[in-house]
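Source file: query.txt. Holds: compact mmCIF, C-alpha atoms and all ligand atoms.
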```
# COMPACT_ATOMS: atom_id res chain seq x y z
CA MET B 1 86.23 1.08 85.75
CA THR B 2 86.23 2.46 82.24
CA ASN B 3 86.23 1.22 78.70
CA GLU B 4 87.65 3.91 76.44
CA THR B 5 86.66 2.15 73.21
CA ALA B 6 82.93 2.45 73.81
CA PRO B 7 80.98 4.26 71.10
CA GLY B 8 79.98 7.70 72.28
CA GLY B 9 82.71 7.92 74.89
CA PRO B 10 84.03 6.04 77.87
CA MET B 11 81.71 3.47 79.38
CA GLU B 12 82.03 3.93 83.06
CA PHE B 13 80.41 2.02 85.87
CA ARG B 14 81.04 3.24 89.38
CA THR B 15 77.79 2.37 91.12
CA ALA B 16 75.82 -0.88 91.06
CA GLY B 17 72.31 -1.67 92.22
CA VAL B 18 71.38 -5.27 92.95
CA ILE B 19 67.67 -6.12 92.83
CA GLY B 20 66.85 -9.06 95.11
CA ALA B 21 68.59 -9.97 98.36
CA GLY B 22 68.25 -13.73 98.19
CA ALA B 23 71.40 -15.82 98.44
CA TRP B 24 72.59 -15.01 94.92
CA GLY B 25 71.79 -11.28 94.98
CA THR B 26 73.63 -11.02 98.30
CA ALA B 27 76.67 -12.92 96.98
CA LEU B 28 76.78 -10.81 93.81
CA ALA B 29 76.54 -7.62 95.86
CA GLN B 30 79.65 -8.84 97.69
CA VAL B 31 81.35 -9.40 94.31
CA CYS B 32 80.42 -5.88 93.20
CA VAL B 33 81.98 -4.40 96.35
CA ARG B 34 85.13 -6.48 95.79
CA ALA B 35 85.18 -5.22 92.21
CA GLY B 36 85.34 -1.67 93.55
CA LEU B 37 81.76 -0.65 92.82
CA ASP B 38 79.74 1.50 95.17
CA THR B 39 76.97 -1.05 95.69
CA THR B 40 73.40 -1.00 96.99
CA LEU B 41 71.51 -4.23 97.61
CA GLN B 42 67.72 -4.03 97.43
CA ALA B 43 65.65 -6.46 99.49
CA ARG B 44 61.91 -6.71 99.15
CA GLU B 45 61.52 -7.53 102.85
CA PRO B 46 61.84 -4.25 104.86
CA GLN B 47 62.69 -6.21 108.01
CA LEU B 48 65.55 -7.92 106.23
CA VAL B 49 67.00 -4.52 105.31
CA GLU B 50 67.08 -3.56 108.99
CA THR B 51 68.79 -6.83 109.91
CA LEU B 52 71.27 -6.59 107.05
CA ALA B 53 72.32 -3.12 108.11
CA ALA B 54 72.44 -3.97 111.82
CA THR B 55 74.23 -7.33 111.61
CA ARG B 56 76.06 -7.28 108.24
CA ALA B 57 74.61 -10.73 107.68
CA ASN B 58 71.76 -12.18 105.63
CA ASP B 59 70.57 -14.87 108.01
CA LEU B 60 67.38 -15.35 106.04
CA TYR B 61 68.95 -16.39 102.73
CA LEU B 62 72.74 -16.62 103.09
CA PRO B 63 73.63 -17.45 106.68
CA GLY B 64 77.22 -17.60 107.85
CA VAL B 65 78.62 -14.89 105.59
CA THR B 66 79.83 -11.53 106.90
CA LEU B 67 78.92 -8.82 104.43
CA ALA B 68 81.25 -6.04 103.33
CA GLU B 69 81.31 -2.88 105.42
CA ASP B 70 80.80 -0.74 102.32
CA LEU B 71 77.68 -2.54 101.10
CA LYS B 72 74.50 -0.45 101.35
CA PHE B 73 71.00 -1.83 101.77
CA THR B 74 67.53 -0.59 100.87
CA ALA B 75 63.99 -1.85 100.50
CA ASP B 76 63.17 0.95 98.07
CA LEU B 77 63.86 0.47 94.36
CA ALA B 78 63.91 4.25 93.98
CA ASP B 79 67.28 4.20 95.75
CA LEU B 80 68.75 2.47 92.70
CA ARG B 81 67.74 5.27 90.32
CA ASP B 82 71.26 6.76 90.09
CA CYS B 83 73.11 3.46 89.67
CA ASP B 84 75.24 3.07 86.53
CA LEU B 85 74.57 -0.64 86.40
CA ILE B 86 71.78 -2.92 87.61
CA LEU B 87 72.02 -6.60 88.48
CA ALA B 88 68.58 -8.23 88.48
CA VAL B 89 68.46 -11.27 90.80
CA PRO B 90 64.89 -12.07 91.86
CA PRO B 91 63.55 -15.59 91.28
CA ALA B 92 62.75 -15.94 87.57
CA GLN B 93 58.99 -16.07 88.12
CA HIS B 94 59.21 -12.66 89.84
CA MET B 95 61.54 -11.01 87.31
CA ARG B 96 58.67 -9.33 85.45
CA GLY B 97 57.19 -7.92 88.67
CA ALA B 98 60.56 -6.71 89.93
CA LEU B 99 61.54 -5.00 86.67
CA THR B 100 58.10 -3.45 86.26
CA ALA B 101 58.38 -2.02 89.77
CA PHE B 102 61.85 -0.68 88.93
CA ALA B 103 60.80 0.79 85.55
CA PRO B 104 59.94 4.30 86.87
CA TYR B 105 63.50 4.60 88.23
CA HIS B 106 65.42 3.12 85.32
CA ARG B 107 67.40 5.60 83.24
CA ALA B 108 67.55 4.80 79.51
CA GLY B 109 70.86 3.18 78.60
CA VAL B 110 71.67 1.83 82.06
CA PRO B 111 72.53 -1.84 81.46
CA VAL B 112 70.72 -4.62 83.29
CA VAL B 113 72.63 -7.82 84.00
CA LEU B 114 70.15 -10.68 84.34
CA CYS B 115 71.40 -13.18 86.93
CA SER B 116 68.34 -15.39 87.48
CA LYS B 117 67.86 -18.78 85.87
CA GLY B 118 64.50 -19.83 84.54
CA VAL B 119 61.72 -19.64 81.99
CA GLU B 120 58.61 -17.63 82.78
CA ARG B 121 55.58 -19.83 83.33
CA GLY B 122 52.63 -19.11 81.07
CA THR B 123 54.56 -17.03 78.53
CA MET B 124 57.51 -19.47 78.15
CA LYS B 125 59.74 -16.39 77.91
CA LEU B 126 63.39 -16.09 78.83
CA MET B 127 64.54 -13.31 81.15
CA THR B 128 65.94 -11.25 78.26
CA GLU B 129 62.48 -11.24 76.68
CA VAL B 130 60.94 -10.18 79.99
CA LEU B 131 63.53 -7.38 80.22
CA ALA B 132 62.81 -6.20 76.67
CA GLU B 133 59.12 -5.93 77.52
CA THR B 134 59.53 -4.21 80.86
CA LEU B 135 62.62 -1.98 80.36
CA PRO B 136 62.94 -1.58 76.59
CA ASP B 137 65.69 1.03 76.98
CA ALA B 138 67.97 -1.26 78.95
CA PRO B 139 70.95 -2.92 77.25
CA ALA B 140 70.85 -6.55 78.39
CA ALA B 141 73.50 -8.93 79.65
CA VAL B 142 73.23 -12.39 81.17
CA LEU B 143 75.49 -13.64 83.95
CA SER B 144 75.30 -17.40 84.47
CA GLY B 145 77.51 -20.31 85.37
CA PRO B 146 78.55 -22.77 88.06
CA SER B 147 78.43 -20.62 91.16
CA PHE B 148 77.03 -21.51 94.55
CA ALA B 149 76.16 -18.29 96.35
CA GLY B 150 77.84 -19.31 99.61
CA GLU B 151 81.13 -20.08 97.86
CA VAL B 152 81.06 -16.87 95.80
CA ALA B 153 80.21 -14.76 98.84
CA ARG B 154 83.22 -16.23 100.66
CA GLY B 155 85.47 -15.33 97.74
CA LEU B 156 86.19 -18.90 96.61
CA PRO B 157 87.37 -19.11 92.97
CA THR B 158 84.47 -19.01 90.52
CA ALA B 159 84.19 -18.64 86.75
CA VAL B 160 80.97 -17.70 84.94
CA THR B 161 79.73 -16.70 81.51
CA LEU B 162 78.82 -13.07 80.91
CA ALA B 163 76.81 -12.81 77.69
CA CYS B 164 76.10 -9.51 75.98
CA ALA B 165 75.11 -8.97 72.35
CA ASP B 166 77.18 -5.78 72.19
CA PRO B 167 80.81 -6.90 72.53
CA VAL B 168 82.00 -3.44 73.58
CA LEU B 169 79.50 -3.23 76.41
CA GLY B 170 80.20 -6.88 77.18
CA GLN B 171 83.92 -6.20 77.56
CA ALA B 172 83.20 -3.18 79.77
CA LEU B 173 80.93 -5.31 81.97
CA LEU B 174 83.55 -8.05 82.08
CA ASN B 175 86.15 -5.56 83.28
CA THR B 176 83.71 -4.07 85.76
CA LEU B 177 82.42 -7.26 87.35
CA SER B 178 85.64 -9.25 87.55
CA ALA B 179 86.92 -9.34 91.10
CA PRO B 180 89.45 -11.30 93.12
CA GLY B 181 88.23 -14.90 92.89
CA PHE B 182 85.44 -14.05 90.44
CA ARG B 183 86.24 -14.52 86.76
CA PRO B 184 83.63 -13.87 84.07
CA TYR B 185 84.20 -15.06 80.49
CA LEU B 186 82.64 -13.11 77.63
CA ALA B 187 80.04 -14.49 75.18
CA THR B 188 77.63 -12.80 72.79
CA ASP B 189 74.93 -15.50 72.75
CA LEU B 190 72.35 -14.55 75.36
CA ILE B 191 69.84 -17.23 74.40
CA GLY B 192 72.39 -20.02 74.78
CA ALA B 193 73.47 -18.67 78.16
CA GLU B 194 69.89 -18.41 79.38
CA ALA B 195 68.76 -21.77 78.04
CA GLY B 196 71.66 -23.53 79.77
CA GLY B 197 70.91 -21.95 83.14
CA ALA B 198 67.19 -22.63 82.93
CA LEU B 199 67.41 -26.26 81.86
CA LYS B 200 70.22 -27.39 84.18
CA ASN B 201 67.97 -26.82 87.19
CA VAL B 202 65.34 -29.23 85.86
CA LEU B 203 68.03 -31.78 84.99
CA ALA B 204 69.59 -31.44 88.47
CA ILE B 205 66.29 -32.61 89.95
CA ALA B 206 66.65 -35.77 87.84
CA CYS B 207 70.19 -36.33 89.16
CA GLY B 208 68.86 -35.86 92.68
CA VAL B 209 66.16 -38.47 92.10
CA SER B 210 68.82 -40.88 90.83
CA GLU B 211 70.96 -40.18 93.89
CA GLY B 212 67.99 -40.54 96.25
CA ARG B 213 67.13 -43.91 94.69
CA GLN B 214 70.79 -44.93 94.84
CA LEU B 215 70.88 -45.73 91.15
CA GLY B 216 74.66 -45.43 91.09
CA ARG B 217 77.42 -43.35 89.52
CA SER B 218 76.83 -44.78 86.03
CA ALA B 219 73.23 -43.56 86.00
CA HIS B 220 74.42 -40.19 87.30
CA ALA B 221 76.93 -39.82 84.45
CA ALA B 222 74.35 -40.95 81.90
CA LEU B 223 71.85 -38.36 83.15
CA ILE B 224 74.39 -35.56 82.94
CA THR B 225 75.46 -36.56 79.44
CA ARG B 226 72.01 -37.16 77.99
CA GLY B 227 70.75 -34.11 79.89
CA PHE B 228 73.44 -32.07 78.19
CA ALA B 229 72.22 -33.37 74.83
CA GLU B 230 68.69 -32.17 75.71
CA MET B 231 70.03 -28.81 76.80
CA THR B 232 71.96 -28.39 73.57
CA ARG B 233 69.01 -29.38 71.36
CA LEU B 234 66.65 -27.01 73.13
CA ALA B 235 69.11 -24.10 73.18
CA VAL B 236 69.78 -24.47 69.45
CA ALA B 237 66.05 -24.71 68.66
CA MET B 238 65.53 -21.51 70.63
CA GLY B 239 68.19 -19.73 68.57
CA GLY B 240 71.21 -20.24 70.80
CA GLN B 241 74.54 -21.78 69.89
CA ALA B 242 75.78 -25.23 70.88
CA GLU B 243 79.20 -23.72 71.61
CA THR B 244 77.76 -21.46 74.32
CA VAL B 245 75.98 -24.35 76.01
CA ALA B 246 79.25 -26.29 76.08
CA GLY B 247 80.69 -23.53 78.28
CA LEU B 248 80.35 -22.50 81.90
CA CYS B 249 76.70 -21.41 81.60
CA GLY B 250 75.62 -24.81 80.26
CA LEU B 251 77.77 -27.84 80.81
CA GLY B 252 79.68 -26.19 83.66
CA ASP B 253 76.54 -25.34 85.61
CA LEU B 254 74.95 -28.70 84.82
CA VAL B 255 77.94 -30.54 86.28
CA LEU B 256 77.97 -28.38 89.43
CA THR B 257 74.26 -28.49 90.08
CA CYS B 258 73.99 -32.23 89.45
CA SER B 259 76.89 -33.02 91.74
CA SER B 260 76.21 -31.41 95.07
CA PRO B 261 73.41 -31.45 97.63
CA GLN B 262 74.29 -27.76 98.12
CA SER B 263 72.03 -27.35 95.09
CA ARG B 264 68.41 -26.70 96.03
CA ASN B 265 67.31 -28.41 92.82
CA MET B 266 69.37 -31.52 93.39
CA SER B 267 68.18 -31.64 97.01
CA LEU B 268 64.59 -31.52 95.84
CA GLY B 269 65.26 -34.49 93.56
CA LEU B 270 67.05 -36.31 96.38
CA ALA B 271 64.02 -35.96 98.61
CA LEU B 272 61.70 -37.20 95.86
CA GLY B 273 64.01 -40.14 95.16
CA GLN B 274 63.95 -41.01 98.86
CA GLY B 275 60.17 -41.22 98.77
CA GLN B 276 58.95 -37.79 99.80
CA THR B 277 56.06 -36.16 97.95
CA VAL B 278 56.64 -32.86 96.16
CA GLU B 279 54.67 -31.09 98.90
CA GLN B 280 56.78 -32.68 101.64
CA ALA B 281 60.01 -31.89 99.81
CA LEU B 282 59.11 -28.22 99.37
CA ALA B 283 57.43 -27.68 102.75
CA GLY B 284 58.91 -24.88 104.80
CA LYS B 285 61.48 -23.97 102.15
CA ARG B 286 62.12 -20.25 101.95
CA SER B 287 64.63 -20.58 99.13
CA VAL B 288 63.70 -21.11 95.50
CA ALA B 289 64.17 -24.32 93.47
CA GLU B 290 64.02 -22.85 89.98
CA GLY B 291 63.81 -26.27 88.31
CA TYR B 292 60.49 -26.86 90.02
CA GLU B 293 59.26 -23.42 88.96
CA SER B 294 60.44 -23.67 85.34
CA ALA B 295 59.72 -27.33 84.56
CA PRO B 296 56.19 -26.77 83.15
CA ALA B 297 57.41 -23.92 80.93
CA VAL B 298 60.43 -25.91 79.74
CA ARG B 299 58.16 -28.83 78.83
CA GLU B 300 55.74 -26.54 76.99
CA LEU B 301 58.57 -24.76 75.18
CA ALA B 302 60.20 -28.02 74.07
CA ALA B 303 56.85 -29.32 72.80
CA ARG B 304 56.21 -26.10 70.89
CA LEU B 305 59.65 -26.27 69.29
CA GLY B 306 59.36 -30.00 68.58
CA VAL B 307 62.47 -30.80 70.64
CA GLU B 308 62.81 -34.13 72.43
CA THR B 309 63.67 -33.57 76.11
CA PRO B 310 62.70 -36.85 77.78
CA ILE B 311 64.52 -36.21 81.07
CA ALA B 312 63.14 -32.69 81.52
CA GLU B 313 59.73 -33.82 80.38
CA GLY B 314 59.79 -36.72 82.83
CA ILE B 315 60.71 -34.38 85.67
CA ALA B 316 57.91 -31.99 84.72
CA ALA B 317 55.49 -34.93 84.81
CA LEU B 318 56.85 -36.16 88.16
CA LEU B 319 56.54 -32.68 89.71
CA ALA B 320 53.01 -32.34 88.37
CA GLY B 321 52.05 -35.67 89.97
CA GLU B 322 51.38 -37.30 86.62
CA ILE B 323 53.92 -40.11 87.13
CA THR B 324 55.78 -41.72 90.02
CA VAL B 325 59.54 -41.99 90.49
CA ASP B 326 59.33 -45.60 89.29
CA GLY B 327 57.33 -44.44 86.27
CA LEU B 328 59.99 -41.83 85.53
CA ILE B 329 62.84 -44.34 85.68
CA ASP B 330 60.94 -46.99 83.66
CA GLY B 331 59.94 -44.40 81.09
CA LEU B 332 63.53 -43.28 80.49
CA LEU B 333 64.93 -46.81 80.35
CA SER B 334 62.30 -48.14 77.96
CA ARG B 335 62.69 -45.50 75.27
CA PRO B 336 63.45 -46.85 71.79
CA LEU B 337 67.10 -47.71 71.20
CA LYS B 338 68.76 -45.31 68.78
CA ALA B 339 71.96 -43.73 67.59
CA GLU B 340 73.76 -41.56 70.14
CA ARG B 341 73.63 -37.99 68.99
CA VAL B 342 72.83 -34.58 70.34
N1 LIG B 401 71.69 -19.37 95.21
C1 LIG B 401 72.59 -19.62 94.27
O1 LIG B 401 73.63 -20.25 94.54
C2 LIG B 401 72.37 -19.15 92.88
C3 LIG B 401 71.14 -18.68 92.46
N2 LIG B 401 70.98 -18.27 91.18
C4 LIG B 401 69.69 -17.77 90.71
O2 LIG B 401 69.39 -16.54 91.35
C5 LIG B 401 67.96 -16.36 91.40
C6 LIG B 401 67.58 -15.95 92.80
O3 LIG B 401 67.88 -17.05 93.64
P1 LIG B 401 68.42 -16.89 95.13
O4 LIG B 401 69.06 -15.58 95.33
O5 LIG B 401 69.22 -18.10 95.42
O6 LIG B 401 67.06 -16.89 95.96
P2 LIG B 401 66.82 -17.40 97.45
O7 LIG B 401 66.19 -18.74 97.36
O8 LIG B 401 68.03 -17.27 98.26
O9 LIG B 401 65.79 -16.36 98.00
C7 LIG B 401 64.48 -16.27 97.55
C8 LIG B 401 64.29 -14.91 96.95
O10 LIG B 401 62.97 -14.83 96.45
C9 LIG B 401 62.46 -13.56 96.75
N3 LIG B 401 61.00 -13.63 96.70
C10 LIG B 401 60.19 -14.45 97.36
N4 LIG B 401 58.90 -14.17 97.04
C11 LIG B 401 58.95 -13.16 96.14
C12 LIG B 401 57.98 -12.41 95.44
N5 LIG B 401 56.69 -12.66 95.61
N6 LIG B 401 58.40 -11.44 94.60
C13 LIG B 401 59.70 -11.19 94.42
N7 LIG B 401 60.68 -11.86 95.07
C14 LIG B 401 60.30 -12.82 95.90
C15 LIG B 401 63.00 -13.28 98.13
O11 LIG B 401 62.91 -11.92 98.45
C16 LIG B 401 64.43 -13.74 97.93
O12 LIG B 401 65.19 -12.73 97.33
C17 LIG B 401 67.36 -17.69 90.95
O13 LIG B 401 66.94 -17.58 89.63
C18 LIG B 401 68.52 -18.68 91.06
O14 LIG B 401 68.43 -19.73 90.12
C19 LIG B 401 72.00 -18.28 90.30
C20 LIG B 401 73.24 -18.72 90.65
C21 LIG B 401 73.53 -19.19 91.98
O1 LIG B 402 72.57 -22.05 90.06
C1 LIG B 402 73.20 -22.53 90.96
C2 LIG B 402 74.63 -22.87 90.87
O2 LIG B 402 75.18 -22.39 89.68
C3 LIG B 402 72.53 -22.84 92.24
O3 LIG B 402 71.86 -24.03 92.12
P1 LIG B 402 70.56 -24.30 92.98
O4 LIG B 402 69.58 -23.21 92.64
O5 LIG B 402 70.09 -25.65 92.58
O6 LIG B 402 70.96 -24.25 94.42
```
Structure rendered as structure tokens:
Amino acid sequence: MTNETAPGGPMEFRTAGVIGAGAWGTALAQVCVRAGLDTTLQAREPQLVETLAATRANDLYLPGVTLAEDLKFTADLADLRDCDLILAVPPAQHMRGALTAFAPYHRAGVPVVLCSKGVERGTMKLMTEVLAETLPDAPAAVLSGPSFAGEVARGLPTAVTLACADPVLGQALLNTLSAPGFRPYLATDLIGAEAGGALKNVLAIACGVSEGRQLGRSAHAALITRGFAEMTRLAVAMGGQAETVAGLCGLGDLVLTCSSPQSRNMSLGLALGQGQTVEQALAGKRSVAEGYESAPAVRELAARLGVETPIAEGIAALLAGEITVDGLIDGLLSRPLKAERV
């Protein structure tokens, strides 16, 4: 795939390296193959690499999907050194570690598409900030939107946001990563795209709690709508644009994640709403619930920016054991009455 209008000559991406063979990394590797890219998927578990190659299936993280014949697998980040394009898909809390480990093999100018959703605990940083600190020579893009890995891997129709500050590179990436059934839309606002993806996971836990407590469809709709207001306020305070958050990477992903028990975040909330403790709800889970991981950082970030995020804050308090489910519900319903605005 080429983009002849790129400054300094054609921008050409023929090979892709995907860091992280969880459900989403595996699904995106499938997309890359469908898009015509020579693709290598890196898994951190050496045993998984053997199984992937032998069975063409990722039974650990994405069972039930047959992987493309052309997809290559490795446990060694060095094998991605010649790739024209990198997709970074570890859990958000491990993004810094993964990119730092990849740094010796990254060639200056090779773009990194950040596909994970979350805020780094402790630093309160978004993934683009983590990328800038670990691979300063990497042009950044963010891919985010309503997209369950299993559906994407099977080729079901999916639309996502692809945000890149450089519109020429963004267009080249759009052309490169679009595939049958997979339709990225271009944006230039990375912060908005990242904020949407990070916050929707926390809000999906709230929708799960509501579902688990059988609070009804009205409560569900109210949580999505007021959650969207929180998401918009926070994204704008962080420097993002409300318009971006109203797109696939914000509202779109919020609606998806809050509406299906396929979501790990919503399932976590469901379990809590049905009376399980956080420990019980997370016990034995190999897959990541990013809302659980990011909630403390989202709460801290909102407080630092002076943004009211009562739903996200309530979920952070619930997950930290500071309040009960009843306390969460009472707290939200007893807030002062006020004008409805974002
Ligand atoms: N699964 C999905 O449908 C989607 C996931 N995402 C995002 O993609 C990111 C990755 O999620 P999934 O692929 O679903 O993960 P997953 O839950 O399927 O798998 C867990 C991943 O965590 C990795 N891991 C565990 N411990 C680690 C460590 N100490 N260091 C580095 N990596 C470690 C595992 O190797 C594995 O790749 C998340 O930010 C998620 O929000 C985004 C869109 C869709
Ligand atoms: O991000 C996702 C869908 O867009 C996946 O959601 P969960 O991580 O909650 O499963």
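Taking only C-alpha atoms and all ligand atoms into account, the residues that come within 8 Å of ligand LIG 402 (chain B) are Lys117, Ser144, Gly145, Pro146, Ser147, Phe148, Ala149, Gly197, Asn201, Ala204, Asp253, Leu254, Leu256, Thr257, Gln262, Ser263, Arg264, Asn265, Met266, Ser267, Val288, Ala289, Glu290 and Gly291 of chain B.
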Legend entry - Shortest interatomic distance to Thr188 (chain B) - which of B:Ala140, B:Val342, B:Val202, B:Met231, counting all atoms listed in the file: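 Closest residue, counting all atoms listed in the file: B:Ala140.
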Legend entry - Who sits within 8 Å of Ile315 (chain B), only C-alpha atoms, same chain under 2 positions skipped, as number ranges by chain: B: 202-203, 205-206, 295, 311-313, 317-319, 328
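For the point (77.0, -9.4, 68.1), the residues with an atom at a distance of at most 10 Å are Cys164, Ala165, Asp166, Pro167, Val168, Gly170, Ala187, Thr188 and Asp189 of chain B, counting only C-alpha atoms.
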Leu270 (chain B): which residues within 8 Å, counting all atoms listed in the file, same-chain residues fewer than 5 positions away excluded, as a PDB file with C-alpha atoms, in the coordinates of the input?
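Writing the result to result.pdb gives the following:
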```
ATOM      1  CA  ILE B 205      66.290 -32.610  89.950  1.00  0.00           C
ATOM      2  CA  CYS B 207      70.190 -36.330  89.160  1.00  0.00           C
ATOM      3  CA  GLY B 208      68.860 -35.860  92.680  1.00  0.00           C
ATOM      4  CA  VAL B 209      66.160 -38.470  92.100  1.00  0.00           C
ATOM      5  CA  SER B 210      68.820 -40.880  90.830  1.00  0.00           C
ATOM      6  CA  GLU B 211      70.960 -40.180  93.890  1.00  0.00           C
ATOM      7  CA  GLY B 212      67.990 -40.540  96.250  1.00  0.00           C
ATOM      8  CA  ARG B 213      67.130 -43.910  94.690  1.00  0.00           C
TER       9      ARG B 213
END
```
Inset, instruction - Could I get the residue neighbourhood of ligand LIG 401 (chain B) at 6 Å, counting only C-alpha atoms and all ligand atoms, as a ChimeraX atom specification? - result: /B:20-25,44,61,89-92,94,115-117,147-149,287-288,290
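Residues with any atom within 10 Å of Ala193 (chain B), counting only C-alpha atoms and excluding same-chain neighbours fewer than 3 positions away, are B:Lys117, B:Ala141, B:Val142, B:Leu143, B:Ser144, B:Gly145, B:Thr161, B:Leu162, B:Ala163, B:Cys164, B:Ala187, B:Thr188, B:Asp189, B:Leu190, B:Gly196, B:Gly197, B:Ala198, B:Ala235, B:Gly240, B:Gln241, B:Thr244, B:Val245, B:Ala246, B:Gly247, B:Leu248, B:Cys249, B:Gly250.
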Output C-alpha atoms of each residue in that selection to a file, as a compact mmCIF listing (two decimals), keeping the file's coordinate frame.
```txt
# COMPACT_ATOMS: atom_id res chain seq x y z
CA LYS B 117 67.86 -18.78 85.87
CA ALA B 141 73.50 -8.93 79.65
CA VAL B 142 73.23 -12.39 81.17
CA LEU B 143 75.49 -13.64 83.95
CA SER B 144 75.30 -17.40 84.47
CA GLY B 145 77.51 -20.31 85.37
CA THR B 161 79.73 -16.70 81.51
CA LEU B 162 78.82 -13.07 80.91
CA ALA B 163 76.81 -12.81 77.69
CA CYS B 164 76.10 -9.51 75.98
CA ALA B 187 80.04 -14.49 75.18
CA THR B 188 77.63 -12.80 72.79
CA ASP B 189 74.93 -15.50 72.75
CA LEU B 190 72.35 -14.55 75.36
CA GLY B 196 71.66 -23.53 79.77
CA GLY B 197 70.91 -21.95 83.14
CA ALA B 198 67.19 -22.63 82.93
CA ALA B 235 69.11 -24.10 73.18
CA GLY B 240 71.21 -20.24 70.80
CA GLN B 241 74.54 -21.78 69.89
CA THR B 244 77.76 -21.46 74.32
CA VAL B 245 75.98 -24.35 76.01
CA ALA B 246 79.25 -26.29 76.08
CA GLY B 247 80.69 -23.53 78.28
CA LEU B 248 80.35 -22.50 81.90
CA CYS B 249 76.70 -21.41 81.60
CA GLY B 250 75.62 -24.81 80.26
```
Which residues are close to region 74-80 of chain B, i.e. within 12 Å by only C-alpha atoms, leaving aside same-chain residues fewer than 2 positions away? Reply as a compact mmCIF listing (two decimals) with C-alpha atoms, in the frame of the given file.
```
# COMPACT_ATOMS: atom_id res chain seq x y z
CA THR B 15 77.79 2.37 91.12
CA ALA B 16 75.82 -0.88 91.06
CA GLY B 17 72.31 -1.67 92.22
CA VAL B 18 71.38 -5.27 92.95
CA ILE B 19 67.67 -6.12 92.83
CA GLY B 20 66.85 -9.06 95.11
CA ALA B 21 68.59 -9.97 98.36
CA ASP B 38 79.74 1.50 95.17
CA THR B 39 76.97 -1.05 95.69
CA THR B 40 73.40 -1.00 96.99
CA LEU B 41 71.51 -4.23 97.61
CA GLN B 42 67.72 -4.03 97.43
CA ALA B 43 65.65 -6.46 99.49
CA ARG B 44 61.91 -6.71 99.15
CA GLU B 45 61.52 -7.53 102.85
CA PRO B 46 61.84 -4.25 104.86
CA GLN B 47 62.69 -6.21 108.01
CA LEU B 48 65.55 -7.92 106.23
CA VAL B 49 67.00 -4.52 105.31
CA GLU B 50 67.08 -3.56 108.99
CA THR B 51 68.79 -6.83 109.91
CA LEU B 52 71.27 -6.59 107.05
CA ALA B 53 72.32 -3.12 108.11
CA LEU B 71 77.68 -2.54 101.10
CA LYS B 72 74.50 -0.45 101.35
CA ASP B 82 71.26 6.76 90.09
CA CYS B 83 73.11 3.46 89.67
CA ASP B 84 75.24 3.07 86.53
CA LEU B 85 74.57 -0.64 86.40
CA ILE B 86 71.78 -2.92 87.61
CA LEU B 87 72.02 -6.60 88.48
CA ALA B 88 68.58 -8.23 88.48
CA ALA B 98 60.56 -6.71 89.93
CA LEU B 99 61.54 -5.00 86.67
CA THR B 100 58.10 -3.45 86.26
CA ALA B 101 58.38 -2.02 89.77
CA PHE B 102 61.85 -0.68 88.93
CA ALA B 103 60.80 0.79 85.55
CA PRO B 104 59.94 4.30 86.87
CA TYR B 105 63.50 4.60 88.23
CA HIS B 106 65.42 3.12 85.32
CA ARG B 107 67.40 5.60 83.24
CA VAL B 110 71.67 1.83 82.06
CA VAL B 112 70.72 -4.62 83.29
```
Legend entry - For CA of Arg304 (chain B) and CA of Leu333 (chain B), the interatomic separation in Å (one decimal):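 Interatomic distance here is 24.4 Å.
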Inset, instruction - Rank nothing, just name the residue among B:Lys338, B:Gly36, B:Ala57, B:Val255 nearest to Leu223 (chain B), using all atoms listed in the file. - result: B:Val255
With N, CA and C atoms as the goal, would you fill in the gaps in region 147-155 of chain B and present it as a PDB file, keeping the file's coordinate frame?
```
ATOM      1  N   SER B 147      78.102 -21.614  90.125  1.00  0.00           N
ATOM      2  CA  SER B 147      78.430 -20.620  91.160  1.00  0.00           C
ATOM      3  C   SER B 147      77.465 -20.766  92.324  1.00  0.00           C
ATOM      4  N   PHE B 148      77.863 -21.463  93.351  1.00  0.00           N
ATOM      5  CA  PHE B 148      77.030 -21.510  94.550  1.00  0.00           C
ATOM      6  C   PHE B 148      77.231 -20.220  95.333  1.00  0.00           C
ATOM      7  N   ALA B 149      76.108 -19.605  95.713  1.00  0.00           N
ATOM      8  CA  ALA B 149      76.160 -18.290  96.350  1.00  0.00           C
ATOM      9  C   ALA B 149      77.108 -18.266  97.556  1.00  0.00           C
ATOM     10  N   GLY B 150      77.021 -19.294  98.394  1.00  0.00           N
ATOM     11  CA  GLY B 150      77.840 -19.310  99.610  1.00  0.00           C
ATOM     12  C   GLY B 150      79.322 -19.292  99.280  1.00  0.00           C
ATOM     13  N   GLU B 151      79.710 -20.021  98.251  1.00  0.00           N
ATOM     14  CA  GLU B 151      81.130 -20.080  97.860  1.00  0.00           C
ATOM     15  C   GLU B 151      81.578 -18.732  97.281  1.00  0.00           C
ATOM     16  N   VAL B 152      80.723 -18.166  96.432  1.00  0.00           N
ATOM     17  CA  VAL B 152      81.060 -16.870  95.800  1.00  0.00           C
ATOM     18  C   VAL B 152      81.159 -15.789  96.871  1.00  0.00           C
ATOM     19  N   ALA B 153      80.213 -15.790  97.792  1.00  0.00           N
ATOM     20  CA  ALA B 153      80.210 -14.760  98.840  1.00  0.00           C
ATOM     21  C   ALA B 153      81.474 -14.838  99.687  1.00  0.00           C
ATOM     22  N   ARG B 154      81.991 -16.063  99.847  1.00  0.00           N
ATOM     23  CA  ARG B 154      83.220 -16.230 100.660  1.00  0.00           C
ATOM     24  C   ARG B 154      84.475 -15.946  99.855  1.00  0.00           C
ATOM     25  N   GLY B 155      84.311 -15.673  98.565  1.00  0.00           N
ATOM     26  CA  GLY B 155      85.470 -15.330  97.740  1.00  0.00           C
ATOM     27  C   GLY B 155      86.182 -16.537  97.159  1.00  0.00           C
TER      28      GLY B 155
END
```
